[in-house]
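Here is the file work-v8.cif (mmCIF, C-alpha atoms, pLDDT in the B column; chains and numbers go by the auth columns).
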```cif
data_model
loop_
_atom_site.group_PDB
_atom_site.id
_atom_site.type_symbol
_atom_site.label_atom_id
_atom_site.label_comp_id
_atom_site.label_asym_id
_atom_site.label_seq_id
_atom_site.Cartn_x
_atom_site.Cartn_y
_atom_site.Cartn_z
_atom_site.B_iso_or_equiv
_atom_site.auth_seq_id
_atom_site.auth_asym_id
ATOM 1 C CA MET A 1 16.377 191.597 -1.106 71.00 1 A
ATOM 2 C CA SER A 2 15.474 194.127 1.576 89.00 2 A
ATOM 3 C CA GLU A 3 18.098 196.362 3.168 91.00 3 A
ATOM 4 C CA GLU A 4 17.721 194.430 6.424 94.00 4 A
ATOM 5 C CA ALA A 5 18.260 191.100 4.653 95.00 5 A
ATOM 6 C CA LEU A 6 21.341 192.390 2.847 94.00 6 A
ATOM 7 C CA ILE A 7 22.891 193.621 6.088 96.00 7 A
ATOM 8 C CA SER A 8 22.109 190.275 7.736 97.00 8 A
ATOM 9 C CA THR A 9 23.870 188.473 4.883 97.00 9 A
ATOM 10 C CA ILE A 10 26.943 190.687 5.334 98.00 10 A
ATOM 11 C CA ARG A 11 26.917 189.926 9.073 98.00 11 A
ATOM 12 C CA VAL A 12 26.767 186.171 8.427 98.00 12 A
ATOM 13 C CA GLU A 13 29.733 186.359 6.022 97.00 13 A
ATOM 14 C CA MET A 14 31.712 188.441 8.524 98.00 14 A
ATOM 15 C CA GLU A 15 30.953 186.005 11.347 98.00 15 A
ATOM 16 C CA MET A 16 32.028 183.114 9.126 98.00 16 A
ATOM 17 C CA ARG A 17 35.356 184.798 8.267 98.00 17 A
ATOM 18 C CA LYS A 18 35.955 185.535 11.957 97.00 18 A
ATOM 19 C CA ALA A 19 35.098 181.935 12.925 97.00 19 A
ATOM 20 C CA GLN A 20 37.712 180.814 10.392 97.00 20 A
ATOM 21 C CA GLY A 21 40.320 182.871 12.217 96.00 21 A
ATOM 22 C CA ASP A 22 40.344 186.107 10.238 97.00 22 A
ATOM 23 C CA ARG A 23 40.848 189.122 12.477 96.00 23 A
ATOM 24 C CA VAL A 24 41.311 191.556 9.597 98.00 24 A
ATOM 25 C CA LEU A 25 38.616 191.473 6.929 98.00 25 A
ATOM 26 C CA LEU A 26 38.934 192.073 3.201 98.00 26 A
ATOM 27 C CA VAL A 27 35.826 193.904 1.993 98.00 27 A
ATOM 28 C CA THR A 28 34.648 195.133 -1.408 98.00 28 A
ATOM 29 C CA PRO A 29 31.494 197.137 -2.016 96.00 29 A
ATOM 30 C CA GLY A 30 30.642 195.167 -5.130 91.00 30 A
ATOM 31 C CA ASN A 31 31.702 193.484 -8.338 95.00 31 A
ATOM 32 C CA TYR A 32 34.115 196.207 -9.476 96.00 32 A
ATOM 33 C CA GLY A 33 36.048 195.929 -6.226 97.00 33 A
ATOM 34 C CA ALA A 34 35.963 192.137 -6.277 97.00 34 A
ATOM 35 C CA ASP A 35 37.204 192.080 -9.883 97.00 35 A
ATOM 36 C CA TYR A 36 39.998 194.538 -9.086 98.00 36 A
ATOM 37 C CA LEU A 37 41.014 192.470 -6.071 97.00 37 A
ATOM 38 C CA ARG A 38 41.140 189.262 -8.122 97.00 38 A
ATOM 39 C CA GLU A 39 42.950 190.773 -11.116 97.00 39 A
ATOM 40 C CA HIS A 40 45.335 193.305 -9.564 97.00 40 A
ATOM 41 C CA MET A 41 46.086 192.503 -5.943 97.00 41 A
ATOM 42 C CA ASP A 42 48.114 189.780 -4.293 96.00 42 A
ATOM 43 C CA LEU A 43 45.582 189.103 -1.555 97.00 43 A
ATOM 44 C CA PRO A 44 43.406 186.010 -0.952 97.00 44 A
ATOM 45 C CA TYR A 45 40.366 186.659 -3.145 97.00 45 A
ATOM 46 C CA GLU A 46 38.399 183.877 -1.448 96.00 46 A
ATOM 47 C CA LYS A 47 38.379 185.918 1.789 96.00 47 A
ATOM 48 C CA ASN A 48 36.528 188.782 0.109 97.00 48 A
ATOM 49 C CA ILE A 49 33.249 189.927 1.670 98.00 49 A
ATOM 50 C CA LYS A 50 30.928 192.180 -0.326 97.00 50 A
ATOM 51 C CA CYS A 51 29.385 194.969 1.741 97.00 51 A
ATOM 52 C CA SER A 52 27.302 196.532 -1.032 95.00 52 A
ATOM 53 C CA ASN A 53 26.457 200.130 -0.054 96.00 53 A
ATOM 54 C CA TYR A 54 26.679 199.482 3.689 97.00 54 A
ATOM 55 C CA VAL A 55 30.136 200.759 4.591 98.00 55 A
ATOM 56 C CA GLY A 56 29.049 202.198 7.942 98.00 56 A
ATOM 57 C CA GLU A 57 27.053 199.145 8.962 98.00 57 A
ATOM 58 C CA THR A 58 29.970 196.892 8.026 98.00 58 A
ATOM 59 C CA ILE A 59 32.299 198.900 10.274 98.00 59 A
ATOM 60 C CA ASP A 60 29.762 198.868 13.109 98.00 60 A
ATOM 61 C CA MET A 61 29.282 195.091 12.860 98.00 61 A
ATOM 62 C CA ALA A 62 33.038 194.504 12.765 98.00 62 A
ATOM 63 C CA ILE A 63 33.485 196.472 15.986 98.00 63 A
ATOM 64 C CA ASP A 64 30.644 194.526 17.650 98.00 64 A
ATOM 65 C CA MET A 65 32.272 191.227 16.606 97.00 65 A
ATOM 66 C CA GLY A 66 35.707 192.178 17.888 97.00 66 A
ATOM 67 C CA VAL A 67 37.314 192.275 14.438 97.00 67 A
ATOM 68 C CA LYS A 68 40.685 194.071 14.469 98.00 68 A
ATOM 69 C CA GLY A 69 40.540 195.706 11.042 98.00 69 A
ATOM 70 C CA ILE A 70 38.979 196.072 7.605 98.00 70 A
ATOM 71 C CA LEU A 71 40.628 196.762 4.273 98.00 71 A
ATOM 72 C CA PHE A 72 38.190 198.063 1.671 98.00 72 A
ATOM 73 C CA ILE A 73 39.014 197.627 -2.031 98.00 73 A
ATOM 74 C CA ALA A 74 36.743 200.063 -3.826 98.00 74 A
ATOM 75 C CA HIS A 75 36.079 201.939 -7.047 97.00 75 A
ATOM 76 C CA ILE A 76 36.368 205.717 -6.696 98.00 76 A
ATOM 77 C CA GLY A 77 32.732 206.090 -7.807 96.00 77 A
ATOM 78 C CA LYS A 78 31.558 204.291 -4.696 95.00 78 A
ATOM 79 C CA PHE A 79 34.152 205.321 -2.127 97.00 79 A
ATOM 80 C CA VAL A 80 34.570 209.000 -2.980 98.00 80 A
ATOM 81 C CA LYS A 81 31.348 209.442 -1.010 98.00 81 A
ATOM 82 C CA VAL A 82 33.109 208.167 2.118 98.00 82 A
ATOM 83 C CA ALA A 83 35.474 211.158 1.737 98.00 83 A
ATOM 84 C CA ALA A 84 32.446 213.274 2.663 97.00 84 A
ATOM 85 C CA GLY A 85 31.395 211.085 5.580 97.00 85 A
ATOM 86 C CA ILE A 86 28.664 209.338 3.571 97.00 86 A
ATOM 87 C CA MET A 87 28.577 205.771 4.913 97.00 87 A
ATOM 88 C CA ASN A 88 25.626 204.453 2.900 96.00 88 A
ATOM 89 C CA THR A 89 26.926 204.836 -0.627 94.00 89 A
ATOM 90 C CA HIS A 90 23.701 204.077 -2.499 91.00 90 A
ATOM 91 C CA SER A 91 22.824 206.910 -4.869 87.00 91 A
ATOM 92 C CA HIS A 92 19.354 207.124 -3.294 85.00 92 A
ATOM 93 C CA SER A 93 20.942 207.982 0.060 87.00 93 A
ATOM 94 C CA ALA A 94 23.473 210.472 -1.263 88.00 94 A
ATOM 95 C CA ASP A 95 25.132 211.158 -4.568 90.00 95 A
ATOM 96 C CA ALA A 96 27.724 213.836 -4.067 95.00 96 A
ATOM 97 C CA ARG A 97 30.457 212.211 -6.144 97.00 97 A
ATOM 98 C CA MET A 98 31.245 215.177 -8.373 98.00 98 A
ATOM 99 C CA GLU A 99 30.887 217.683 -5.539 98.00 99 A
ATOM 100 C CA VAL A 100 33.351 215.721 -3.406 98.00 100 A
ATOM 101 C CA LEU A 101 35.784 215.375 -6.300 98.00 101 A
ATOM 102 C CA ALA A 102 35.498 219.076 -7.206 98.00 102 A
ATOM 103 C CA SER A 103 35.890 220.354 -3.659 98.00 103 A
ATOM 104 C CA ASN A 104 38.946 218.173 -3.077 98.00 104 A
ATOM 105 C CA ALA A 105 40.410 219.271 -6.406 98.00 105 A
ATOM 106 C CA ILE A 106 40.023 222.881 -5.235 98.00 106 A
ATOM 107 C CA ARG A 107 41.752 221.968 -1.947 98.00 107 A
ATOM 108 C CA ALA A 108 44.558 220.529 -4.082 98.00 108 A
ATOM 109 C CA GLY A 109 44.872 223.780 -6.067 98.00 109 A
ATOM 110 C CA ALA A 110 42.573 223.207 -9.048 98.00 110 A
ATOM 111 C CA SER A 111 41.277 226.146 -11.025 98.00 111 A
ATOM 112 C CA LEU A 112 37.624 227.129 -11.068 98.00 112 A
ATOM 113 C CA GLU A 113 37.494 225.962 -14.698 98.00 113 A
ATOM 114 C CA CYS A 114 38.713 222.484 -13.674 98.00 114 A
ATOM 115 C CA ALA A 115 36.196 222.298 -10.813 98.00 115 A
ATOM 116 C CA LYS A 116 33.348 223.273 -13.146 98.00 116 A
ATOM 117 C CA GLU A 117 34.349 220.567 -15.631 98.00 117 A
ATOM 118 C CA ILE A 118 34.338 218.001 -12.827 98.00 118 A
ATOM 119 C CA LEU A 119 30.918 219.147 -11.658 98.00 119 A
ATOM 120 C CA ASN A 120 29.609 218.676 -15.210 98.00 120 A
ATOM 121 C CA ALA A 121 31.117 215.193 -15.595 98.00 121 A
ATOM 122 C CA SER A 122 28.722 212.272 -15.893 96.00 122 A
ATOM 123 C CA THR A 123 30.947 209.649 -14.249 96.00 123 A
ATOM 124 C CA THR A 124 33.845 209.561 -11.831 97.00 124 A
ATOM 125 C CA ASP A 125 35.971 207.994 -14.573 96.00 125 A
ATOM 126 C CA GLU A 126 35.311 211.092 -16.683 98.00 126 A
ATOM 127 C CA ALA A 127 36.151 213.302 -13.689 98.00 127 A
ATOM 128 C CA ILE A 128 39.433 211.425 -13.157 98.00 128 A
ATOM 129 C CA ASP A 129 40.304 212.091 -16.806 98.00 129 A
ATOM 130 C CA ILE A 130 39.642 215.800 -16.205 98.00 130 A
ATOM 131 C CA LEU A 131 41.923 215.770 -13.162 98.00 131 A
ATOM 132 C CA GLU A 132 44.628 214.141 -15.285 98.00 132 A
ATOM 133 C CA LYS A 133 44.148 216.728 -18.034 98.00 133 A
ATOM 134 C CA TYR A 134 44.734 219.516 -15.487 98.00 134 A
ATOM 135 C CA GLN A 135 47.664 217.567 -13.983 98.00 135 A
ATOM 136 C CA ILE A 136 46.152 217.589 -10.505 98.00 136 A
ATOM 137 C CA LEU A 137 45.045 213.967 -10.117 98.00 137 A
ATOM 138 C CA GLN A 138 47.677 212.888 -7.573 98.00 138 A
ATOM 139 C CA LYS A 139 47.216 215.946 -5.346 98.00 139 A
ATOM 140 C CA THR A 140 43.433 215.531 -5.475 98.00 140 A
ATOM 141 C CA MET A 141 43.654 211.840 -4.654 98.00 141 A
ATOM 142 C CA LYS A 142 45.849 212.659 -1.639 98.00 142 A
ATOM 143 C CA GLU A 143 43.120 214.989 -0.361 98.00 143 A
ATOM 144 C CA ILE A 144 40.410 212.385 -0.982 98.00 144 A
ATOM 145 C CA LEU A 145 42.373 209.521 0.586 98.00 145 A
ATOM 146 C CA ASP A 146 43.156 211.603 3.675 98.00 146 A
ATOM 147 C CA ARG A 147 39.454 212.339 4.079 98.00 147 A
ATOM 148 C CA ILE A 148 38.438 208.720 3.515 98.00 148 A
ATOM 149 C CA GLN A 149 40.864 207.696 6.277 98.00 149 A
ATOM 150 C CA PHE A 150 39.502 210.428 8.558 98.00 150 A
ATOM 151 C CA TYR A 151 35.870 209.384 8.100 98.00 151 A
ATOM 152 C CA LEU A 152 36.601 205.668 8.432 98.00 152 A
ATOM 153 C CA ASN A 153 38.380 206.389 11.717 98.00 153 A
ATOM 154 C CA HIS A 154 35.598 208.737 12.784 98.00 154 A
ATOM 155 C CA ARG A 155 32.932 206.098 12.162 98.00 155 A
ATOM 156 C CA SER A 156 34.830 203.527 14.232 98.00 156 A
ATOM 157 C CA TYR A 157 35.976 205.961 16.932 96.00 157 A
ATOM 158 C CA GLU A 158 39.395 204.489 16.047 96.00 158 A
ATOM 159 C CA GLN A 159 38.428 201.210 17.725 97.00 159 A
ATOM 160 C CA ILE A 160 39.703 199.135 14.791 98.00 160 A
ATOM 161 C CA LEU A 161 42.236 199.634 12.008 98.00 161 A
ATOM 162 C CA LEU A 162 40.559 200.715 8.768 98.00 162 A
ATOM 163 C CA GLY A 163 41.874 201.501 5.319 98.00 163 A
ATOM 164 C CA ALA A 164 41.059 201.530 1.644 98.00 164 A
ATOM 165 C CA VAL A 165 42.632 200.928 -1.741 98.00 165 A
ATOM 166 C CA ILE A 166 40.954 203.041 -4.425 98.00 166 A
ATOM 167 C CA PHE A 167 40.953 202.483 -8.193 98.00 167 A
ATOM 168 C CA ASN A 168 39.009 203.398 -11.306 97.00 168 A
ATOM 169 C CA ASN A 169 38.324 201.800 -14.667 91.00 169 A
ATOM 170 C CA THR A 170 40.658 203.946 -16.766 91.00 170 A
ATOM 171 C CA CYS A 171 43.746 204.496 -14.582 94.00 171 A
ATOM 172 C CA GLY A 172 43.529 201.456 -12.331 97.00 172 A
ATOM 173 C CA TYR A 173 45.203 202.075 -8.965 98.00 173 A
ATOM 174 C CA LEU A 174 44.572 205.626 -7.715 98.00 174 A
ATOM 175 C CA GLY A 175 45.997 205.293 -4.220 98.00 175 A
ATOM 176 C CA GLN A 176 45.433 204.011 -0.731 98.00 176 A
ATOM 177 C CA THR A 177 44.740 205.474 2.678 98.00 177 A
ATOM 178 C CA ALA A 178 47.400 205.820 5.352 98.00 178 A
ATOM 179 C CA ASP A 179 46.517 202.586 7.170 98.00 179 A
ATOM 180 C CA ALA A 180 46.014 200.419 4.062 98.00 180 A
ATOM 181 C CA ALA A 181 49.623 199.144 3.865 98.00 181 A
ATOM 182 C CA GLU A 182 49.473 197.749 7.406 98.00 182 A
ATOM 183 C CA LEU A 183 46.156 196.041 6.647 98.00 183 A
ATOM 184 C CA ILE A 184 47.493 194.587 3.384 98.00 184 A
ATOM 185 C CA GLU A 185 50.426 193.158 5.299 97.00 185 A
ATOM 186 C CA LYS A 186 48.179 191.615 7.971 96.00 186 A
ATOM 187 C CA ILE A 187 45.839 190.048 5.391 96.00 187 A
ATOM 188 C CA GLY A 188 48.663 188.768 3.228 88.00 188 A
ATOM 189 C CA ALA A 189 50.554 187.202 6.147 70.00 189 A
#
```
Kindly present the structure from the file in structure tokens form.
Amino acid sequence: MSEEALISTIRVEMEMRKAQGDRVLLVTPGNYGADYLREHMDLPYEKNIKCSNYVGETIDMAIDMGVKGILFIAHIGKFVKVAAGIMNTHSHSADARMEVLASNAIRAGASLECAKEILNASTTDEAIDILEKYQILQKTMKEILDRIQFYLNHRSYEQILLGAVIFNNTCGYLGQTADAAELIEKIGA
């Protein structure tokens, strides 16, 4: 499917959810997020919309449609890019996963040795294990989640409420952005 066709499909799903009365959307970038939602969260799985790599376009379309909010449920490997303002998360557009993790680890107080290990990691799951080994995972996730919230708000010019729940394959839940709890409440109501 072309990029244009994929984005059109996302738009149709969003319009359908809105027509059914949803004002806050539940969005996952892909199968990992959808599986996590189904297996670990008490939210209506059937309302899930997959946005693929098109985080920015999904936000833009939601604003155009008059949607009030979006809660993203996403694997760290996909959404860590949003912490750097990267809104098309396909690896062909930008793949700065380890750089974003390493720089935020440094912000959280990580040593140069820790940052180098992260930069040499092959996967974000491996990088998360490194952060755990250096006992800096929670502080690093706080930095990353704050930046994800900032860039989501920046993309939307704070016109709608946006948030994210982030997880990985080894630890599960890694945290959520500042506005995620309010969105969870609105979706679950």
* Asked: Using only C-alpha atoms, which residue out of A:Leu183, A:Arg155, A:Lys142, A:Ala34 lies closest to Arg107 in chain A?
  ->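 Closest to Arg107 in chain A of all the choices is A:Lys142.
Shortest atom-to-atom contact with Phe79 in chain A among A:Ile166, A:Leu119, A:Ala19, A:Leu37: A:Ile166, counting all atoms listed in the file.
Distances here use all atoms listed in the file; by that measure, the residue among A:Val12, A:Lys139, A:Asp60, A:Ile144 closest to Val100 in chain A is A:Ile144.
Note that CA of Ile76 in chain A and CA of Ala108 in chain A are 17.1 Å apart.
With distances restricted to only C-alpha atoms, A:Leu137 is the closest residue to Ile106 in chain A from A:Leu137, A:Cys51, A:Ala74, A:Ile86.
For the choices A:Gly109, A:Gly77, A:Pro44, A:Gly188, the atom-to-atom distance to Asn168 in chain A is smallest for A:Gly77 when using all atoms listed in the file.
Distance-wise, CA of Gly69 in chain A and CA of Val82 in chain A end up 17.0 Å apart.
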* Using the chain letters and residue numbers of this document, give as a ChimeraX atom specification the residues selected by the PyMOL selection byres ((chain A and resi 163) around 12). => /A:24-28,55,59,68-74,79,82,145-153,156,158,160-162,164-166,175-185
Go ahead and save the picked residues with C-alpha atoms, as an mmCIF file, in the frame of the given file.
```cif
data_model
loop_
_atom_site.group_PDB
_atom_site.id
_atom_site.type_symbol
_atom_site.label_atom_id
_atom_site.label_comp_id
_atom_site.auth_asym_id
_atom_site.auth_seq_id
_atom_site.Cartn_x
_atom_site.Cartn_y
_atom_site.Cartn_z
ATOM 1 C CA VAL A 24 41.311 191.556 9.597
ATOM 2 C CA LEU A 25 38.616 191.473 6.929
ATOM 3 C CA LEU A 26 38.934 192.073 3.201
ATOM 4 C CA VAL A 27 35.826 193.904 1.993
ATOM 5 C CA THR A 28 34.648 195.133 -1.408
ATOM 6 C CA VAL A 55 30.136 200.759 4.591
ATOM 7 C CA ILE A 59 32.299 198.900 10.274
ATOM 8 C CA LYS A 68 40.685 194.071 14.469
ATOM 9 C CA GLY A 69 40.540 195.706 11.042
ATOM 10 C CA ILE A 70 38.979 196.072 7.605
ATOM 11 C CA LEU A 71 40.628 196.762 4.273
ATOM 12 C CA PHE A 72 38.190 198.063 1.671
ATOM 13 C CA ILE A 73 39.014 197.627 -2.031
ATOM 14 C CA ALA A 74 36.743 200.063 -3.826
ATOM 15 C CA PHE A 79 34.152 205.321 -2.127
ATOM 16 C CA VAL A 82 33.109 208.167 2.118
ATOM 17 C CA LEU A 145 42.373 209.521 0.586
ATOM 18 C CA ASP A 146 43.156 211.603 3.675
ATOM 19 C CA ARG A 147 39.454 212.339 4.079
ATOM 20 C CA ILE A 148 38.438 208.720 3.515
ATOM 21 C CA GLN A 149 40.864 207.696 6.277
ATOM 22 C CA PHE A 150 39.502 210.428 8.558
ATOM 23 C CA TYR A 151 35.870 209.384 8.100
ATOM 24 C CA LEU A 152 36.601 205.668 8.432
ATOM 25 C CA ASN A 153 38.380 206.389 11.717
ATOM 26 C CA SER A 156 34.830 203.527 14.232
ATOM 27 C CA GLU A 158 39.395 204.489 16.047
ATOM 28 C CA ILE A 160 39.703 199.135 14.791
ATOM 29 C CA LEU A 161 42.236 199.634 12.008
ATOM 30 C CA LEU A 162 40.559 200.715 8.768
ATOM 31 C CA ALA A 164 41.059 201.530 1.644
ATOM 32 C CA VAL A 165 42.632 200.928 -1.741
ATOM 33 C CA ILE A 166 40.954 203.041 -4.425
ATOM 34 C CA GLY A 175 45.997 205.293 -4.220
ATOM 35 C CA GLN A 176 45.433 204.011 -0.731
ATOM 36 C CA THR A 177 44.740 205.474 2.678
ATOM 37 C CA ALA A 178 47.400 205.820 5.352
ATOM 38 C CA ASP A 179 46.517 202.586 7.170
ATOM 39 C CA ALA A 180 46.014 200.419 4.062
ATOM 40 C CA ALA A 181 49.623 199.144 3.865
ATOM 41 C CA GLU A 182 49.473 197.749 7.406
ATOM 42 C CA LEU A 183 46.156 196.041 6.647
ATOM 43 C CA ILE A 184 47.493 194.587 3.384
ATOM 44 C CA GLU A 185 50.426 193.158 5.299
#
```
* Pick from A:Lys133, A:Ala105, A:Met98, A:Ser93, whichever lies nearest to Ala121 in chain A using only C-alpha atoms ->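 So, comparing all the options, the nearest one is A:Met98.
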* Resolved residues for the PyMOL selection byres ((chain A and resi 99) around 12) as a PyMOL selection string -> chain A and resi 77+80-81+83-84+94-98+100-106+115-124+127+144
* To do: I would like the residues chosen by the PyMOL selection byres ((chain A and resi 3) around 12) on the shown file; could you give them as a list in words?
  =>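 Listing what the PyMOL selection byres ((chain A and resi 3) around 12) selects in the shown file: Met1, Ser2, Glu4, Ala5, Leu6, Ile7, Ser8, Thr9, Ile10, Cys51, Ser52, Asn53, Tyr54, Glu57, Asn88 and His90 of chain A.
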